[in-house]
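Q: What follows is a structure written as structure tokens; I'll ask about it next.
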Amino acid sequence: ISYYQNGKVKSNAVSYTLKADFFRKIYTIDDWYTYMVSRTNASQFENVKLEADLDFSNVDPSRIMVKLGFNRILDGNGHKIEHINLQRGFNASNNTTIRRLFIGDLAHSATVRNLFINDYMAGGTYYNSTKGKTYVARAASVFGTVYGTIENVHAKDITITTYEYAAGLVCYLAASGEIMDSSVTNLTLTYNDPDDVNAESFIGGVVGRMNESRVTHCYSQHIDIKVDETKSTYGIGGIVGYAVNSVIDTAYSEGKIVSRAQKVGGIVGHYYC
């Protein structure tokens with residue numbers, strides 16, 4: 001900055017920092033694959049913003065699921081992603097396969113916001129006639145472990161078939177993670193505990209398990225959670241299955257939970273502090 005003082009020109013050095021978020025724009029399912037799925041290293045992720053609704057009808061799960069830990073911003077921009085069938089082609093020979101939209105974690109720096117998810121299927125079962133066993137996909141939801149923020153994300157017409165972690169939106173909301181102003185509507189969740197697996201279950205309409213985290217202004221409605229057989233249940237809840245030292249602020253749930261397990265609740269199955 002230059003200025004006059006006593007008839008002389010003087011100047012001061014001034015530095016400014018401009019902070020702005022830049023986004024890759026997603027218009028098509030091919031764009032989704034390019035910017036969200038095909039990355040080979042998490043450092044390659046960029047902020048992305050949807051500029052159109054995405055219809056994933058008949059798209060193979062391998063072109064939909066985000067396998068790496070996501071560490072940037074996904075702004076749905078009020079658009080919807082729909083007709084996502086991640087159970088398609090499930091034929092695993094073990095009980096460790098994961099079929100959900102975000103297989104990797106959402107990092108502390110990650111935010112997913114302003115997104116609608118309609119007609120979504122995750123998890124799955126497969127009967128191997130040779131071995132005489134039924135295999136089940138584990139930890140199914142939309143998101144796996146979330147350390148970051150989910151804001152204004154609404155999931156509707158959701159079908160989950162899984163074991164261990166099971167939820168309409170998030171399997172595990174970890175320390176410092178937060179979900180706000182979000183919902184799950186028309187959830188059908190079937191819990192299938194494999195015969196040869198001694199799993200601990202965390203089952204919720206929105207979140208399976210949360211630890212030192214926060215759920216604010218969220219709801220689930222028209223939920224149907226069915227847990228016939230489970231060997232060890234930490235909690236089954238309309239919003240959260242199992243919560244430790246966490247905050248659930250302004251939430252409601254409406255629907256049905258059918259289970260012979262203990263620790264079942266309309267909002268929280270089991271709260272520990």
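Following the order of the structure tokens, chains are lettered A, B, ..., residues in each are numbered from 1, and ligands are numbered from 1.
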If you count only C-alpha atoms, which residues fall within 12 Å of Ser43 in chain A, apart from same-chain ones fewer than 4 positions away, as an MDAnalysis selection string?
A: chainID A and resid 35:36 39 47 68:72 107
Q: With N, CA, C and O atoms retained, write the just-selected residues as a short mmCIF file (atom, residue, chain, number, x, y, z; two decimals), in the first residue's frame.
A:
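Output (result.cif):
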```
data_model
loop_
_atom_site.label_atom_id
_atom_site.label_comp_id
_atom_site.auth_asym_id
_atom_site.auth_seq_id
_atom_site.Cartn_x
_atom_site.Cartn_y
_atom_site.Cartn_z
N TYR A 35 -14.06 -39.25 -10.57
CA TYR A 35 -13.61 -38.43 -9.45
C TYR A 35 -13.78 -39.08 -8.07
O TYR A 35 -13.14 -38.67 -7.10
N MET A 36 -14.63 -40.13 -7.99
CA MET A 36 -14.89 -40.74 -6.69
C MET A 36 -14.44 -42.19 -6.58
O MET A 36 -14.09 -42.64 -5.49
N ARG A 39 -9.91 -43.36 -8.20
CA ARG A 39 -8.68 -42.90 -7.53
C ARG A 39 -7.91 -44.08 -6.95
O ARG A 39 -8.49 -44.98 -6.36
N ASN A 47 -12.38 -31.84 -3.99
CA ASN A 47 -13.74 -31.47 -3.69
C ASN A 47 -14.61 -31.69 -4.93
O ASN A 47 -14.19 -31.38 -6.05
N LEU A 68 -11.64 -46.02 -1.26
CA LEU A 68 -10.61 -45.38 -0.43
C LEU A 68 -11.23 -44.45 0.59
O LEU A 68 -12.38 -44.01 0.45
N GLY A 69 -10.47 -44.12 1.63
CA GLY A 69 -10.92 -43.16 2.61
C GLY A 69 -11.07 -41.78 1.98
O GLY A 69 -10.13 -41.27 1.36
N PHE A 70 -12.24 -41.18 2.13
CA PHE A 70 -12.53 -39.89 1.51
C PHE A 70 -12.17 -38.77 2.47
O PHE A 70 -12.54 -38.80 3.65
N ASN A 71 -11.46 -37.72 1.97
CA ASN A 71 -10.94 -36.69 2.84
C ASN A 71 -11.23 -35.27 2.37
O ASN A 71 -10.60 -34.32 2.83
N ARG A 72 -12.18 -35.13 1.45
CA ARG A 72 -12.49 -33.81 0.92
C ARG A 72 -13.97 -33.50 1.12
O ARG A 72 -14.60 -34.03 2.03
N ALA A 107 -12.73 -39.10 6.56
CA ALA A 107 -11.71 -38.56 7.43
C ALA A 107 -12.22 -37.34 8.20
O ALA A 107 -13.29 -36.80 7.91
#
```
Q: Leaving out range 109-111 of chain A and any residue of its chain fewer than 6 positions from it, which residues lie within 8 Å of it when counting only C-alpha atoms, given as a ChimeraX atom specification?
A: /A:70-75,147-151
Q: As an MDAnalysis selection string, please: every residue in range 46-230 of chain A that DSSP puts in strand (DSSP E).
A: chainID A and resid 48:50 54:55 73:75 80:85 111:123 125:128 133:136 138:140 143:146 149:167 170:173 178:180 183:192 200:204 207:211 214:229
Q: Can you write out as CSV which residues of range 71-174 of chain A fall within 8 Å of range 51-64 of chain A, alongside each residue's closest atom pair and its distance in Å to one decimal, counting only C-alpha atoms and ordering rows by chain and ascending residue number?
A:
```
residue,atom,partner,partner_atom,distance
A:Gly76,CA,A:Glu51,CA,7.9
A:Asn77,CA,A:Glu51,CA,7.0
A:His79,CA,A:Asp53,CA,5.1
A:Lys80,CA,A:Asp53,CA,4.9
A:Ile81,CA,A:Leu54,CA,4.7
A:Glu82,CA,A:Asp55,CA,5.2
A:His83,CA,A:Ser57,CA,5.1
A:Ile84,CA,A:Phe56,CA,5.4
A:Asn85,CA,A:Pro61,CA,7.1
A:Leu86,CA,A:Pro61,CA,5.2
A:Gln87,CA,A:Pro61,CA,7.9
A:Arg88,CA,A:Pro61,CA,7.1
A:Leu101,CA,A:Ile64,CA,6.9
```
Q: Write out, as a compact mmCIF listing (two decimals), in the first residue's frame, the residues just selected, with N, CA, C and O atoms.
A:
```
# COMPACT_ATOMS: atom_id res chain seq x y z
N GLY A 76 -23.66 -32.45 -2.52
CA GLY A 76 -24.71 -32.94 -3.40
C GLY A 76 -25.46 -31.83 -4.12
O GLY A 76 -26.16 -32.08 -5.10
N ASN A 77 -25.35 -30.60 -3.57
CA ASN A 77 -25.95 -29.44 -4.24
C ASN A 77 -27.46 -29.60 -4.41
O ASN A 77 -28.05 -29.07 -5.36
N HIS A 79 -28.99 -32.35 -5.15
CA HIS A 79 -29.32 -33.38 -6.13
C HIS A 79 -29.42 -34.75 -5.45
O HIS A 79 -29.02 -34.92 -4.31
N LYS A 80 -29.93 -35.72 -6.21
CA LYS A 80 -30.11 -37.07 -5.68
C LYS A 80 -29.29 -38.07 -6.48
O LYS A 80 -29.07 -37.91 -7.68
N ILE A 81 -28.83 -39.10 -5.78
CA ILE A 81 -28.27 -40.28 -6.43
C ILE A 81 -29.25 -41.41 -6.12
O ILE A 81 -29.67 -41.58 -4.98
N GLU A 82 -29.60 -42.20 -7.13
CA GLU A 82 -30.71 -43.13 -6.94
C GLU A 82 -30.53 -44.41 -7.72
O GLU A 82 -29.68 -44.53 -8.60
N HIS A 83 -31.38 -45.40 -7.33
CA HIS A 83 -31.40 -46.73 -7.97
C HIS A 83 -30.01 -47.37 -7.88
O HIS A 83 -29.45 -47.81 -8.89
N ILE A 84 -29.51 -47.43 -6.66
CA ILE A 84 -28.18 -47.99 -6.39
C ILE A 84 -28.36 -49.37 -5.78
O ILE A 84 -28.86 -49.51 -4.66
N ASN A 85 -27.97 -50.41 -6.51
CA ASN A 85 -28.09 -51.78 -6.02
C ASN A 85 -26.70 -52.36 -5.84
O ASN A 85 -26.11 -52.89 -6.79
N LEU A 86 -26.19 -52.27 -4.62
CA LEU A 86 -24.86 -52.80 -4.33
C LEU A 86 -24.90 -54.27 -3.96
O LEU A 86 -23.86 -54.87 -3.72
N GLN A 87 -26.10 -54.85 -3.90
CA GLN A 87 -26.22 -56.29 -3.69
C GLN A 87 -26.09 -57.06 -5.01
O GLN A 87 -25.91 -58.28 -5.00
N ARG A 88 -26.13 -56.35 -6.11
CA ARG A 88 -26.05 -56.99 -7.42
C ARG A 88 -24.73 -57.75 -7.57
O ARG A 88 -23.66 -57.20 -7.35
N LEU A 101 -21.84 -47.84 -0.07
CA LEU A 101 -21.41 -46.77 -0.98
C LEU A 101 -20.01 -46.29 -0.65
O LEU A 101 -19.15 -46.20 -1.53
```
Q: Can you work out which one of A:Asn95, A:Thr125, A:Thr230, A:Asn114 has the shortest atom-to-atom distance to His154 in chain A, counting only C-alpha atoms?
A: A:Asn114
Q: Tell me, as a list in words, which residues lie within 7 Å of range 174-180 of chain A, counting only C-alpha atoms; anything in the same chain fewer than 5 positions away does not count.
A: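 Selected residues are Thr145, Val146, Tyr147, Gly148, Thr149, Ile150, Glu151, Asn152, Met210, Asn211, Glu212, Ser213, Arg214, Val215, Thr216, His217 and Cys218 of chain A.
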Q: If you measure from CA of Glu164 in chain A to CA of Gly144 in chain A, what distance in Å do you get, rounded to one decimal?
A: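 Answer for the CA of Glu164 in chain A to CA of Gly144 in chain A separation: 11.8 Å.
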Q: How many Å separate CA of Val247 in chain A from CA of Ser220 in chain A?
A: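 Taking CA of Val247 in chain A and CA of Ser220 in chain A, their separation equals 16.7 Å.
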Q: Considering only C-alpha atoms, return as a VMD selection string whatever protein or nucleic-acid residues lie within 7 Å of range 251-261 of chain A, sequence-local ones (same chain, fewer than 4 positions apart) excluded.
A: chain A and resid 216 to 228 233 238 to 239 266 to 267
Q: Output as a list in words all residues of range 23-117 of chain A that backbone DSSP marks as helix (DSSP H, G or I).
A: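 After running DSSP on the backbone, range 23-117 of chain A has helix (DSSP H, G or I) at Ile29, Asp30, Asp31, Trp32, Tyr33, Thr34, Tyr35, Met36, Val37, Ala42, Ser43, Gln44, Pro61, Ser62 and Arg63 of chain A.
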Q: Atoms to include: N, CA, C and O atoms. Write the selected residues as a PDB file, in the first residue's frame.
A:
```pdb
ATOM      1  N   ILE A  29     -22.746 -40.310 -14.425  1.00  0.00           N
ATOM      2  CA  ILE A  29     -22.224 -41.427 -13.635  1.00  0.00           C
ATOM      3  C   ILE A  29     -20.774 -41.714 -14.016  1.00  0.00           C
ATOM      4  O   ILE A  29     -20.016 -42.238 -13.201  1.00  0.00           O
ATOM      5  N   ASP A  30     -20.386 -41.386 -15.223  1.00  0.00           N
ATOM      6  CA  ASP A  30     -18.976 -41.531 -15.598  1.00  0.00           C
ATOM      7  C   ASP A  30     -18.105 -40.540 -14.837  1.00  0.00           C
ATOM      8  O   ASP A  30     -16.971 -40.864 -14.453  1.00  0.00           O
ATOM      9  N   ASP A  31     -18.622 -39.333 -14.623  1.00  0.00           N
ATOM     10  CA  ASP A  31     -17.898 -38.356 -13.799  1.00  0.00           C
ATOM     11  C   ASP A  31     -17.747 -38.884 -12.378  1.00  0.00           C
ATOM     12  O   ASP A  31     -16.689 -38.723 -11.754  1.00  0.00           O
ATOM     13  N   TRP A  32     -18.812 -39.500 -11.852  1.00  0.00           N
ATOM     14  CA  TRP A  32     -18.743 -40.078 -10.502  1.00  0.00           C
ATOM     15  C   TRP A  32     -17.622 -41.100 -10.426  1.00  0.00           C
ATOM     16  O   TRP A  32     -16.825 -41.101  -9.492  1.00  0.00           O
ATOM     17  N   TYR A  33     -17.566 -41.975 -11.421  1.00  0.00           N
ATOM     18  CA  TYR A  33     -16.518 -42.991 -11.429  1.00  0.00           C
ATOM     19  C   TYR A  33     -15.132 -42.342 -11.494  1.00  0.00           C
ATOM     20  O   TYR A  33     -14.213 -42.747 -10.776  1.00  0.00           O
ATOM     21  N   THR A  34     -14.987 -41.333 -12.317  1.00  0.00           N
ATOM     22  CA  THR A  34     -13.680 -40.686 -12.498  1.00  0.00           C
ATOM     23  C   THR A  34     -13.192 -40.020 -11.223  1.00  0.00           C
ATOM     24  O   THR A  34     -12.033 -40.200 -10.821  1.00  0.00           O
ATOM     25  N   TYR A  35     -14.056 -39.254 -10.569  1.00  0.00           N
ATOM     26  CA  TYR A  35     -13.607 -38.426  -9.445  1.00  0.00           C
ATOM     27  C   TYR A  35     -13.782 -39.083  -8.072  1.00  0.00           C
ATOM     28  O   TYR A  35     -13.143 -38.665  -7.099  1.00  0.00           O
ATOM     29  N   MET A  36     -14.628 -40.128  -7.990  1.00  0.00           N
ATOM     30  CA  MET A  36     -14.892 -40.737  -6.688  1.00  0.00           C
ATOM     31  C   MET A  36     -14.435 -42.189  -6.575  1.00  0.00           C
ATOM     32  O   MET A  36     -14.091 -42.643  -5.493  1.00  0.00           O
ATOM     33  N   VAL A  37     -14.418 -42.922  -7.675  1.00  0.00           N
ATOM     34  CA  VAL A  37     -14.178 -44.364  -7.620  1.00  0.00           C
ATOM     35  C   VAL A  37     -12.794 -44.750  -8.120  1.00  0.00           C
ATOM     36  O   VAL A  37     -12.126 -45.611  -7.534  1.00  0.00           O
ATOM     37  N   ALA A  42      -5.710 -41.885  -1.777  1.00  0.00           N
ATOM     38  CA  ALA A  42      -6.621 -40.912  -1.177  1.00  0.00           C
ATOM     39  C   ALA A  42      -6.178 -39.471  -1.413  1.00  0.00           C
ATOM     40  O   ALA A  42      -7.010 -38.559  -1.429  1.00  0.00           O
ATOM     41  N   SER A  43      -4.889 -39.256  -1.623  1.00  0.00           N
ATOM     42  CA  SER A  43      -4.391 -37.903  -1.866  1.00  0.00           C
ATOM     43  C   SER A  43      -4.865 -37.342  -3.204  1.00  0.00           C
ATOM     44  O   SER A  43      -4.768 -36.142  -3.462  1.00  0.00           O
ATOM     45  N   GLN A  44      -5.409 -38.193  -4.064  1.00  0.00           N
ATOM     46  CA  GLN A  44      -5.890 -37.758  -5.369  1.00  0.00           C
ATOM     47  C   GLN A  44      -7.315 -37.209  -5.325  1.00  0.00           C
ATOM     48  O   GLN A  44      -7.785 -36.632  -6.314  1.00  0.00           O
ATOM     49  N   PRO A  61     -21.740 -52.435  -9.223  1.00  0.00           N
ATOM     50  CA  PRO A  61     -21.259 -51.842  -7.960  1.00  0.00           C
ATOM     51  C   PRO A  61     -19.806 -51.381  -8.003  1.00  0.00           C
ATOM     52  O   PRO A  61     -19.441 -50.427  -7.310  1.00  0.00           O
ATOM     53  N   SER A  62     -18.978 -52.032  -8.807  1.00  0.00           N
ATOM     54  CA  SER A  62     -17.560 -51.662  -8.881  1.00  0.00           C
ATOM     55  C   SER A  62     -17.352 -50.262  -9.445  1.00  0.00           C
ATOM     56  O   SER A  62     -16.283 -49.674  -9.267  1.00  0.00           O
ATOM     57  N   ARG A  63     -18.364 -49.702 -10.103  1.00  0.00           N
ATOM     58  CA  ARG A  63     -18.282 -48.351 -10.645  1.00  0.00           C
ATOM     59  C   ARG A  63     -19.020 -47.329  -9.777  1.00  0.00           C
ATOM     60  O   ARG A  63     -19.159 -46.168 -10.159  1.00  0.00           O
TER      61      ARG A  63
END
```
